[in-house]
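So this one's protein12.cif, mmCIF, C-alpha atoms, pLDDT in the B column; chains and numbers go by the auth columns:
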```cif
data_work
loop_
_atom_site.group_PDB
_atom_site.id
_atom_site.type_symbol
_atom_site.label_atom_id
_atom_site.label_comp_id
_atom_site.label_asym_id
_atom_site.label_seq_id
_atom_site.Cartn_x
_atom_site.Cartn_y
_atom_site.Cartn_z
_atom_site.B_iso_or_equiv
_atom_site.auth_seq_id
_atom_site.auth_asym_id
ATOM 1 C CA MET A 1 0.000 0.000 0.000 37.00 1 A
ATOM 2 C CA PRO A 2 2.751 2.563 0.714 37.00 2 A
ATOM 3 C CA TYR A 3 4.063 2.045 -2.820 34.00 3 A
ATOM 4 C CA ALA A 4 0.634 2.580 -4.372 37.00 4 A
ATOM 5 C CA CYS A 5 0.195 5.800 -2.441 38.00 5 A
ATOM 6 C CA SER A 6 3.653 7.099 -3.281 34.00 6 A
ATOM 7 C CA SER A 7 2.829 6.774 -6.967 33.00 7 A
ATOM 8 C CA MET A 8 -0.091 9.145 -6.390 36.00 8 A
ATOM 9 C CA VAL A 9 2.229 11.745 -4.869 36.00 9 A
ATOM 10 C CA THR A 10 4.048 12.134 -8.190 36.00 10 A
ATOM 11 C CA LYS A 11 0.852 13.673 -9.596 38.00 11 A
ATOM 12 C CA ARG A 12 0.544 16.378 -6.987 39.00 12 A
ATOM 13 C CA GLU A 13 1.696 19.093 -9.396 43.00 13 A
ATOM 14 C CA PHE A 14 -1.641 18.688 -11.208 47.00 14 A
ATOM 15 C CA LEU A 15 -3.718 19.436 -8.108 57.00 15 A
ATOM 16 C CA PRO A 16 -5.341 22.889 -8.110 65.00 16 A
ATOM 17 C CA THR A 17 -4.410 25.182 -5.258 74.00 17 A
ATOM 18 C CA VAL A 18 -6.690 25.467 -2.257 73.00 18 A
ATOM 19 C CA LYS A 19 -9.035 28.460 -2.214 74.00 19 A
ATOM 20 C CA PRO A 20 -9.507 30.283 1.118 67.00 20 A
ATOM 21 C CA GLU A 21 -13.239 29.536 1.187 71.00 21 A
ATOM 22 C CA GLU A 22 -12.761 25.808 0.588 79.00 22 A
ATOM 23 C CA PRO A 23 -13.315 23.588 3.668 91.00 23 A
ATOM 24 C CA LEU A 24 -10.791 20.790 4.092 94.00 24 A
ATOM 25 C CA LEU A 25 -11.812 17.609 5.904 95.00 25 A
ATOM 26 C CA TYR A 26 -9.013 15.597 7.511 96.00 26 A
ATOM 27 C CA ASP A 27 -9.304 12.115 8.972 95.00 27 A
ATOM 28 C CA LEU A 28 -7.231 8.982 9.494 95.00 28 A
ATOM 29 C CA THR A 29 -7.600 5.268 9.128 94.00 29 A
ATOM 30 C CA SER A 30 -5.212 2.327 9.294 94.00 30 A
ATOM 31 C CA THR A 31 -4.475 -0.840 7.403 94.00 31 A
ATOM 32 C CA TYR A 32 -2.701 -3.857 8.825 95.00 32 A
ATOM 33 C CA PHE A 33 -0.308 -6.441 7.415 95.00 33 A
ATOM 34 C CA GLU A 34 -0.264 -10.176 7.944 92.00 34 A
ATOM 35 C CA GLY A 35 3.226 -11.481 8.500 91.00 35 A
ATOM 36 C CA LYS A 36 6.344 -9.721 9.758 92.00 36 A
ATOM 37 C CA ALA A 37 6.243 -6.771 7.303 92.00 37 A
ATOM 38 C CA ASP A 38 10.012 -6.445 7.751 92.00 38 A
ATOM 39 C CA PHE A 39 10.462 -4.561 4.470 93.00 39 A
ATOM 40 C CA ILE A 40 7.942 -1.831 5.345 94.00 40 A
ATOM 41 C CA PRO A 41 9.755 0.579 7.702 94.00 41 A
ATOM 42 C CA LYS A 42 6.581 2.399 8.762 96.00 42 A
ATOM 43 C CA ALA A 43 4.786 -0.801 9.760 96.00 43 A
ATOM 44 C CA LYS A 44 4.445 -0.707 13.552 95.00 44 A
ATOM 45 C CA ARG A 45 2.074 -2.081 16.148 95.00 45 A
ATOM 46 C CA GLY A 46 -0.320 0.530 17.459 94.00 46 A
ATOM 47 C CA TYR A 47 -3.986 1.288 18.079 92.00 47 A
ATOM 48 C CA SER A 48 -5.793 -1.068 15.696 92.00 48 A
ATOM 49 C CA ARG A 49 -9.055 0.144 14.209 90.00 49 A
ATOM 50 C CA ASP A 50 -9.356 -3.328 12.674 89.00 50 A
ATOM 51 C CA HIS A 51 -9.086 -5.017 16.090 91.00 51 A
ATOM 52 C CA TRP A 52 -5.863 -6.817 15.170 92.00 52 A
ATOM 53 C CA PRO A 53 -3.429 -5.381 17.753 91.00 53 A
ATOM 54 C CA ASP A 54 -0.939 -8.197 17.159 93.00 54 A
ATOM 55 C CA CYS A 55 -0.469 -7.174 13.507 95.00 55 A
ATOM 56 C CA LYS A 56 1.771 -4.396 12.286 96.00 56 A
ATOM 57 C CA GLN A 57 0.029 -1.552 10.517 96.00 57 A
ATOM 58 C CA VAL A 58 0.403 1.880 8.960 96.00 58 A
ATOM 59 C CA VAL A 59 -1.776 4.932 9.620 96.00 59 A
ATOM 60 C CA VAL A 60 -3.208 6.657 6.563 96.00 60 A
ATOM 61 C CA GLY A 61 -4.107 10.348 6.660 95.00 61 A
ATOM 62 C CA LEU A 62 -6.334 11.852 3.960 95.00 62 A
ATOM 63 C CA VAL A 63 -7.574 15.385 3.316 95.00 63 A
ATOM 64 C CA ILE A 64 -10.528 15.927 1.007 94.00 64 A
ATOM 65 C CA GLY A 65 -12.111 19.116 -0.299 90.00 65 A
ATOM 66 C CA ARG A 66 -15.688 20.280 -0.659 85.00 66 A
ATOM 67 C CA GLU A 67 -16.404 17.970 -3.596 84.00 67 A
ATOM 68 C CA GLY A 68 -14.945 14.906 -1.906 87.00 68 A
ATOM 69 C CA PHE A 69 -11.764 14.721 -3.991 89.00 69 A
ATOM 70 C CA PRO A 70 -8.387 14.118 -2.270 91.00 70 A
ATOM 71 C CA ARG A 71 -6.252 17.196 -1.652 91.00 71 A
ATOM 72 C CA ALA A 72 -3.376 15.561 0.209 91.00 72 A
ATOM 73 C CA HIS A 73 -2.505 12.275 1.869 93.00 73 A
ATOM 74 C CA GLU A 74 0.297 10.759 3.886 94.00 74 A
ATOM 75 C CA ILE A 75 1.380 7.415 5.329 95.00 75 A
ATOM 76 C CA PHE A 76 2.392 7.571 9.002 96.00 76 A
ATOM 77 C CA GLU A 77 4.057 4.960 11.173 96.00 77 A
ATOM 78 C CA GLY A 78 1.601 2.470 12.619 95.00 78 A
ATOM 79 C CA ASN A 79 2.131 3.594 16.222 95.00 79 A
ATOM 80 C CA THR A 80 1.465 7.283 15.485 95.00 80 A
ATOM 81 C CA GLN A 81 -1.260 8.895 17.584 94.00 81 A
ATOM 82 C CA ASP A 82 -3.949 10.754 15.653 92.00 82 A
ATOM 83 C CA ARG A 83 -3.294 13.959 17.578 92.00 83 A
ATOM 84 C CA LYS A 84 0.378 13.943 16.515 94.00 84 A
ATOM 85 C CA THR A 85 -0.356 14.064 12.776 95.00 85 A
ATOM 86 C CA LEU A 86 -2.183 17.364 12.315 95.00 86 A
ATOM 87 C CA ALA A 87 0.825 19.701 12.173 94.00 87 A
ATOM 88 C CA SER A 88 2.577 17.409 9.679 93.00 88 A
ATOM 89 C CA MET A 89 -0.509 17.242 7.473 95.00 89 A
ATOM 90 C CA LEU A 90 -0.897 21.022 7.527 95.00 90 A
ATOM 91 C CA ASP A 91 2.736 21.330 6.403 94.00 91 A
ATOM 92 C CA LEU A 92 2.069 18.882 3.559 91.00 92 A
ATOM 93 C CA LEU A 93 -1.040 20.764 2.492 91.00 93 A
ATOM 94 C CA GLU A 94 0.850 24.041 2.402 91.00 94 A
ATOM 95 C CA LYS A 95 3.638 22.469 0.359 90.00 95 A
ATOM 96 C CA ARG A 96 1.491 20.524 -2.099 88.00 96 A
ATOM 97 C CA VAL A 97 -1.598 22.610 -2.786 87.00 97 A
ATOM 98 C CA GLY A 98 -1.196 25.720 -0.656 87.00 98 A
ATOM 99 C CA LEU A 99 -2.963 26.582 2.590 90.00 99 A
ATOM 100 C CA PRO A 100 -4.170 30.206 2.582 89.00 100 A
ATOM 101 C CA LYS A 101 -4.893 31.970 5.843 89.00 101 A
ATOM 102 C CA GLY A 102 -8.586 31.757 6.618 89.00 102 A
ATOM 103 C CA SER A 103 -8.990 28.234 5.250 91.00 103 A
ATOM 104 C CA THR A 104 -11.293 25.996 7.279 93.00 104 A
ATOM 105 C CA ILE A 105 -9.973 22.695 8.636 95.00 105 A
ATOM 106 C CA VAL A 106 -12.468 20.060 9.827 94.00 106 A
ATOM 107 C CA VAL A 107 -11.253 17.307 12.186 94.00 107 A
ATOM 108 C CA ASP A 108 -12.838 14.916 14.681 90.00 108 A
ATOM 109 C CA ARG A 109 -12.406 14.931 18.440 87.00 109 A
ATOM 110 C CA GLY A 110 -9.375 12.610 18.253 87.00 110 A
ATOM 111 C CA MET A 111 -7.394 15.660 17.137 89.00 111 A
ATOM 112 C CA ALA A 112 -9.251 18.290 19.180 86.00 112 A
ATOM 113 C CA HIS A 113 -6.432 18.702 21.692 89.00 113 A
ATOM 114 C CA THR A 114 -5.104 21.986 23.058 89.00 114 A
ATOM 115 C CA GLU A 115 -1.847 21.878 21.114 94.00 115 A
ATOM 116 C CA ASN A 116 -3.662 21.273 17.815 93.00 116 A
ATOM 117 C CA ILE A 117 -6.153 24.098 18.397 91.00 117 A
ATOM 118 C CA ALA A 118 -3.201 26.371 19.170 93.00 118 A
ATOM 119 C CA GLU A 119 -1.480 25.252 15.959 95.00 119 A
ATOM 120 C CA LEU A 120 -4.551 26.058 13.879 94.00 120 A
ATOM 121 C CA GLN A 121 -4.835 29.465 15.518 93.00 121 A
ATOM 122 C CA ARG A 122 -1.126 30.161 14.999 94.00 122 A
ATOM 123 C CA ARG A 123 -1.562 29.531 11.275 93.00 123 A
ATOM 124 C CA LYS A 124 -4.627 31.825 11.282 92.00 124 A
ATOM 125 C CA LEU A 125 -6.898 29.020 10.095 93.00 125 A
ATOM 126 C CA HIS A 126 -10.571 28.567 10.839 92.00 126 A
ATOM 127 C CA TYR A 127 -11.515 25.183 12.240 93.00 127 A
ATOM 128 C CA VAL A 128 -14.454 22.928 12.986 92.00 128 A
ATOM 129 C CA VAL A 129 -13.770 20.266 15.601 91.00 129 A
ATOM 130 C CA ALA A 130 -15.895 17.882 17.659 87.00 130 A
ATOM 131 C CA ALA A 131 -15.593 18.855 21.312 83.00 131 A
ATOM 132 C CA ARG A 132 -14.074 16.372 23.716 81.00 132 A
ATOM 133 C CA GLN A 133 -16.192 14.960 26.544 80.00 133 A
ATOM 134 C CA LYS A 134 -14.673 17.251 29.189 80.00 134 A
ATOM 135 C CA GLU A 135 -15.774 20.315 27.218 77.00 135 A
ATOM 136 C CA ARG A 136 -19.238 18.868 26.639 79.00 136 A
ATOM 137 C CA ASP A 137 -19.733 18.313 30.359 82.00 137 A
ATOM 138 C CA ARG A 138 -19.273 22.047 30.989 80.00 138 A
ATOM 139 C CA LEU A 139 -22.269 22.778 28.757 79.00 139 A
ATOM 140 C CA LEU A 140 -24.711 20.149 29.983 79.00 140 A
ATOM 141 C CA ALA A 141 -26.958 22.837 31.467 79.00 141 A
ATOM 142 C CA GLU A 142 -27.476 24.259 27.973 77.00 142 A
ATOM 143 C CA PHE A 143 -29.221 21.027 26.974 75.00 143 A
ATOM 144 C CA GLU A 144 -31.697 21.027 29.859 76.00 144 A
ATOM 145 C CA THR A 145 -34.333 22.734 27.705 76.00 145 A
ATOM 146 C CA ILE A 146 -34.757 23.164 23.970 75.00 146 A
ATOM 147 C CA ASP A 147 -34.886 26.972 24.335 82.00 147 A
ATOM 148 C CA GLY A 148 -32.741 28.612 21.675 85.00 148 A
ATOM 149 C CA PHE A 149 -32.364 25.475 19.556 89.00 149 A
ATOM 150 C CA GLU A 150 -33.322 25.653 15.894 91.00 150 A
ATOM 151 C CA GLU A 151 -34.216 22.658 13.755 90.00 151 A
ATOM 152 C CA VAL A 152 -32.025 21.910 10.758 89.00 152 A
ATOM 153 C CA ILE A 153 -34.052 20.801 7.763 85.00 153 A
ATOM 154 C CA ARG A 154 -32.210 17.882 6.177 84.00 154 A
ATOM 155 C CA GLN A 155 -33.399 17.075 2.683 84.00 155 A
ATOM 156 C CA PRO A 156 -33.378 13.456 1.423 83.00 156 A
ATOM 157 C CA SER A 157 -30.959 12.487 -1.304 82.00 157 A
ATOM 158 C CA PRO A 158 -32.237 13.306 -4.836 85.00 158 A
ATOM 159 C CA ARG A 159 -31.494 9.699 -5.731 86.00 159 A
ATOM 160 C CA ASN A 160 -33.551 8.425 -2.805 86.00 160 A
ATOM 161 C CA PRO A 161 -36.588 10.681 -2.244 83.00 161 A
ATOM 162 C CA SER A 162 -38.043 8.264 0.322 85.00 162 A
ATOM 163 C CA GLN A 163 -34.949 8.533 2.513 82.00 163 A
ATOM 164 C CA LYS A 164 -35.720 9.443 6.128 82.00 164 A
ATOM 165 C CA LYS A 165 -33.377 11.889 7.819 84.00 165 A
ATOM 166 C CA SER A 166 -33.004 12.132 11.581 83.00 166 A
ATOM 167 C CA SER A 167 -34.106 15.382 13.176 88.00 167 A
ATOM 168 C CA VAL A 168 -31.297 17.669 14.310 91.00 168 A
ATOM 169 C CA ARG A 169 -31.526 20.805 16.451 90.00 169 A
ATOM 170 C CA VAL A 170 -28.627 23.235 16.836 91.00 170 A
ATOM 171 C CA LYS A 171 -27.808 26.178 19.067 89.00 171 A
ATOM 172 C CA ALA A 172 -24.867 28.594 18.931 87.00 172 A
ATOM 173 C CA HIS A 173 -22.978 29.366 22.138 82.00 173 A
ATOM 174 C CA SER A 174 -20.079 31.844 22.156 82.00 174 A
ATOM 175 C CA ILE A 175 -17.305 31.548 24.743 79.00 175 A
ATOM 176 C CA ASN A 176 -13.644 32.652 24.764 79.00 176 A
ATOM 177 C CA ASN A 177 -13.680 33.900 21.161 80.00 177 A
ATOM 178 C CA GLU A 178 -15.026 30.563 19.958 82.00 178 A
ATOM 179 C CA THR A 179 -18.453 29.661 18.638 86.00 179 A
ATOM 180 C CA LEU A 180 -19.697 26.346 19.972 84.00 180 A
ATOM 181 C CA ILE A 181 -22.498 24.634 18.094 87.00 181 A
ATOM 182 C CA LEU A 182 -24.588 22.443 20.392 86.00 182 A
ATOM 183 C CA CYS A 183 -26.402 19.660 18.528 87.00 183 A
ATOM 184 C CA ILE A 184 -29.292 17.412 19.539 86.00 184 A
ATOM 185 C CA SER A 185 -29.718 14.509 17.134 89.00 185 A
ATOM 186 C CA SER A 186 -32.665 12.158 17.421 88.00 186 A
ATOM 187 C CA GLU A 187 -30.536 9.249 16.207 89.00 187 A
ATOM 188 C CA ARG A 188 -27.846 9.977 18.794 87.00 188 A
ATOM 189 C CA VAL A 189 -30.483 10.218 21.535 88.00 189 A
ATOM 190 C CA GLU A 190 -31.806 6.771 20.562 92.00 190 A
ATOM 191 C CA LYS A 191 -28.296 5.327 20.388 92.00 191 A
ATOM 192 C CA ASP A 192 -27.294 6.673 23.811 91.00 192 A
ATOM 193 C CA ARG A 193 -30.569 5.455 25.342 94.00 193 A
ATOM 194 C CA ALA A 194 -30.038 1.967 23.888 96.00 194 A
ATOM 195 C CA ILE A 195 -26.495 1.874 25.324 95.00 195 A
ATOM 196 C CA ARG A 196 -27.725 2.852 28.789 96.00 196 A
ATOM 197 C CA VAL A 197 -30.571 0.295 28.690 97.00 197 A
ATOM 198 C CA LYS A 198 -28.130 -2.451 27.676 96.00 198 A
ATOM 199 C CA GLN A 199 -25.732 -1.534 30.486 97.00 199 A
ATOM 200 C CA GLU A 200 -28.572 -1.381 32.997 97.00 200 A
ATOM 201 C CA GLU A 201 -29.829 -4.821 31.966 97.00 201 A
ATOM 202 C CA ARG A 202 -26.327 -6.260 32.340 96.00 202 A
ATOM 203 C CA PHE A 203 -25.977 -4.629 35.756 97.00 203 A
ATOM 204 C CA LEU A 204 -29.321 -6.044 36.953 97.00 204 A
ATOM 205 C CA ARG A 205 -28.378 -9.539 35.752 97.00 205 A
ATOM 206 C CA ASP A 206 -25.131 -9.342 37.724 96.00 206 A
ATOM 207 C CA LEU A 207 -27.014 -8.169 40.817 96.00 207 A
ATOM 208 C CA ALA A 208 -29.423 -11.090 40.469 96.00 208 A
ATOM 209 C CA LYS A 209 -26.468 -13.507 40.371 95.00 209 A
ATOM 210 C CA VAL A 210 -25.009 -11.977 43.543 95.00 210 A
ATOM 211 C CA GLN A 211 -28.403 -12.122 45.235 95.00 211 A
ATOM 212 C CA ALA A 212 -28.782 -15.813 44.321 94.00 212 A
ATOM 213 C CA ARG A 213 -25.346 -16.601 45.780 94.00 213 A
ATOM 214 C CA ILE A 214 -26.268 -14.835 49.013 94.00 214 A
ATOM 215 C CA GLN A 215 -29.580 -16.691 49.280 93.00 215 A
ATOM 216 C CA ASN A 216 -27.807 -20.004 48.665 92.00 216 A
ATOM 217 C CA GLY A 217 -25.286 -19.255 51.399 90.00 217 A
ATOM 218 C CA ARG A 218 -22.336 -19.183 49.018 86.00 218 A
ATOM 219 C CA LEU A 219 -21.463 -15.525 49.618 83.00 219 A
#
```

Let's see the structure in the file written out as structure tokens.
Amino acid sequence: MPYACSSMVTKREFLPTVKPEEPLLYDLTSTYFEGKADFIPKAKRGYSRDHWPDCKQVVVGLVIGREGFPRAHEIFEGNTQDRKTLASMLDLLEKRVGLPKGSTIVVDRGMAHTENIAELQRRKLHYVVAARQKERDRLLAEFETIDGFEEVIRQPSPRNPSQKKSSVRVKAHSINNETLILCISSERVEKDRAIRVKQEERFLRDLAKVQARIQNGRL
């Protein structure tokens, strides 16, 4: 895989430069190797998204533009943490297709760490990141009522008019020169409720087992 990707790099001179108004979405994945992978220097054991921690892997970073086409990519060593890749990818973007001040970078919460936010601000870039749990906890009171939330109308795909979209409500909250967008998604509400119900059922089953042992004089 590293060789296939390196062949794509040779075509980077044909990529159009990034426009300031173009959002850039950056994310990572990984791919693992079976065997020793001795001839692939970047193959290391690390966090396995494929649930094969005993296999060596490489981490693949990809940036796409508004239309979904690749703008830049890179192969990182398999034990590289997501949060450690952002600065390198920004350097690659600037070198390969340009990175004007005011460009918008979109990343998930795996990269929403203090040092990365500071790096984006230092480069005078706009950013959209998913807040980490600690930051969400500070704003729990904002979700107590639906006051101030506005519904986002999500249209079905033109190719699938019968498609059902989940309802989403959003609310803007400004703090420390940042604009936080609070979201309430009906699908996420159902998912979180299902997780809690499953955990509660497991907990009650375990309690019943303990109770049975006590009643039988074994505990």

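Evaluated against the shown file, the PyMOL selection byres ((chain A and resi 129-133) around 9) gives Ile105, Val106, Val107, Asp108, Arg109, Gly110, Met111, Ala112, His113, Ile117, Tyr127, Val128, Lys134, Glu135, Arg136, Asp137, Arg138 and Leu180 of chain A.
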
Fill in: All residues 12 Å or closer to segment 142-145 of chain A, only C-alpha atoms, same chain fewer than 2 positions away omitted, as number ranges by chain
A: 136-140, 147-149, 169-173, 180-185

Store the residues of this selection in a file with C-alpha atoms, as a CSV table (one decimal), in the coordinates of the input.
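Output (part09.csv):
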```csv
chain,number,residue,atom,x,y,z
A,136,ARG,CA,-19.2,18.9,26.6
A,137,ASP,CA,-19.7,18.3,30.4
A,138,ARG,CA,-19.3,22.0,31.0
A,139,LEU,CA,-22.3,22.8,28.8
A,140,LEU,CA,-24.7,20.1,30.0
A,147,ASP,CA,-34.9,27.0,24.3
A,148,GLY,CA,-32.7,28.6,21.7
A,149,PHE,CA,-32.4,25.5,19.6
A,169,ARG,CA,-31.5,20.8,16.5
A,170,VAL,CA,-28.6,23.2,16.8
A,171,LYS,CA,-27.8,26.2,19.1
A,172,ALA,CA,-24.9,28.6,18.9
A,173,HIS,CA,-23.0,29.4,22.1
A,180,LEU,CA,-19.7,26.3,20.0
A,181,ILE,CA,-22.5,24.6,18.1
A,182,LEU,CA,-24.6,22.4,20.4
A,183,CYS,CA,-26.4,19.7,18.5
A,184,ILE,CA,-29.3,17.4,19.5
A,185,SER,CA,-29.7,14.5,17.1
```

Worksheet entry | Given the PyMOL selection byres ((chain A and resi 93) around 10), the residues it picks as a list of chain:residue names |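 On the file shown, the PyMOL selection byres ((chain A and resi 93) around 10) covers A:Thr17, A:Val18, A:Leu24, A:Val63, A:Arg71, A:Ala72, A:His73, A:Ala87, A:Ser88, A:Met89, A:Leu90, A:Asp91, A:Leu92, A:Glu94, A:Lys95, A:Arg96, A:Val97, A:Gly98, A:Leu99, A:Pro100.
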
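Among the candidates A:Ala194, A:Val168, A:Asp50, A:Pro70, the residue lying nearest to Ile146 of chain A is A:Val168 (atoms considered: all atoms listed in the file).
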
Discussion item. Please compute the atom CA of Leu125 of chain A-atom CA of Thr179 of chain A distance, one decimal, in Å.
Written reply: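 Separating atom CA of Leu125 of chain A from atom CA of Thr179 of chain A is a distance of 14.4 Å.
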
Discussion item. Using all atoms listed in the file for the distances, tell me which of A:Glu187, A:Glu201, A:Glu119, A:Glu22 is nearest to Ser166 of chain A.
Written reply: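 Result for the nearest residue to Ser166 of chain A: A:Glu187.
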
Fill in: Within 12 Å of segment 155-157 of chain A using all atoms listed in the file, minus same-chain residues under 5 positions, as a ChimeraX atom specification
/A:162-168

Expected file: the selected residues, C-alpha atoms, as a short mmCIF file (atom, residue, chain, number, x, y, z; two decimals), keeping the file's coordinate frame:
```cif
data_model
loop_
_atom_site.label_atom_id
_atom_site.label_comp_id
_atom_site.auth_asym_id
_atom_site.auth_seq_id
_atom_site.Cartn_x
_atom_site.Cartn_y
_atom_site.Cartn_z
CA SER A 162 -38.04 8.26 0.32
CA GLN A 163 -34.95 8.53 2.51
CA LYS A 164 -35.72 9.44 6.13
CA LYS A 165 -33.38 11.89 7.82
CA SER A 166 -33.00 12.13 11.58
CA SER A 167 -34.11 15.38 13.18
CA VAL A 168 -31.30 17.67 14.31
#
```

Practice prompt. Rounded to one decimal place, report the atom CA of Leu86 of chain A-atom CA of Gly35 of chain A distance in Å.
Written response: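 Atom CA of Gly35 of chain A lies at a distance of 29.6 Å from atom CA of Leu86 of chain A.
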
Discussion item. Evaluate the PyMOL selection byres ((chain A and resi 47) around 12) against this structure - the residues, as a list in words, please.
Written reply: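 For this structure, the PyMOL selection byres ((chain A and resi 47) around 12) resolves to Leu28, Thr29, Ser30, Thr31, Tyr32, Lys44, Arg45, Gly46, Ser48, Arg49, Asp50, His51, Trp52, Pro53, Asp54, Cys55, Lys56, Gln57, Val58, Val59, Glu77, Gly78, Asn79, Thr80, Gln81 and Asp82 of chain A.
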
Discussion item. Between atom CA of Pro158 of chain A and atom CA of Glu21 of chain A, what is the distance in Å, rounded to a tenth?
Written reply: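 For atom CA of Pro158 of chain A relative to atom CA of Glu21 of chain A, the distance reads 25.7 Å.
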
Will you model N, CA and C atoms for segment 93-104 of chain A and pass it back as a tab-separated table (two decimals), in the coordinates of the input?
```tsv
chain	number	residue	atom	x	y	z
A	93	LEU	N	-0.04	20.02	3.26
A	93	LEU	CA	-1.04	20.76	2.49
A	93	LEU	C	-0.45	22.06	1.96
A	94	GLU	N	0.26	22.77	2.82
A	94	GLU	CA	0.85	24.04	2.40
A	94	GLU	C	1.87	23.84	1.29
A	95	LYS	N	2.62	22.75	1.36
A	95	LYS	CA	3.64	22.47	0.36
A	95	LYS	C	3.04	22.00	-0.96
A	96	ARG	N	2.00	21.18	-0.89
A	96	ARG	CA	1.49	20.52	-2.10
A	96	ARG	C	0.44	21.33	-2.84
A	97	VAL	N	-0.51	21.90	-2.11
A	97	VAL	CA	-1.60	22.61	-2.79
A	97	VAL	C	-1.83	24.01	-2.22
A	98	GLY	N	-1.02	24.41	-1.26
A	98	GLY	CA	-1.20	25.72	-0.66
A	98	GLY	C	-2.22	25.67	0.46
A	99	LEU	N	-2.04	26.53	1.45
A	99	LEU	CA	-2.96	26.58	2.59
A	99	LEU	C	-3.13	28.04	3.00
A	100	PRO	N	-4.00	28.78	2.30
A	100	PRO	CA	-4.17	30.21	2.58
A	100	PRO	C	-4.70	30.44	3.99
A	101	LYS	N	-4.33	31.59	4.56
A	101	LYS	CA	-4.89	31.97	5.84
A	101	LYS	C	-6.40	32.14	5.69
A	102	GLY	N	-7.14	31.69	6.68
A	102	GLY	CA	-8.59	31.76	6.62
A	102	GLY	C	-9.23	30.49	6.09
A	103	SER	N	-8.42	29.52	5.66
A	103	SER	CA	-8.99	28.23	5.25
A	103	SER	C	-9.61	27.54	6.46
A	104	THR	N	-10.59	26.69	6.20
A	104	THR	CA	-11.29	26.00	7.28
A	104	THR	C	-10.90	24.53	7.31
```
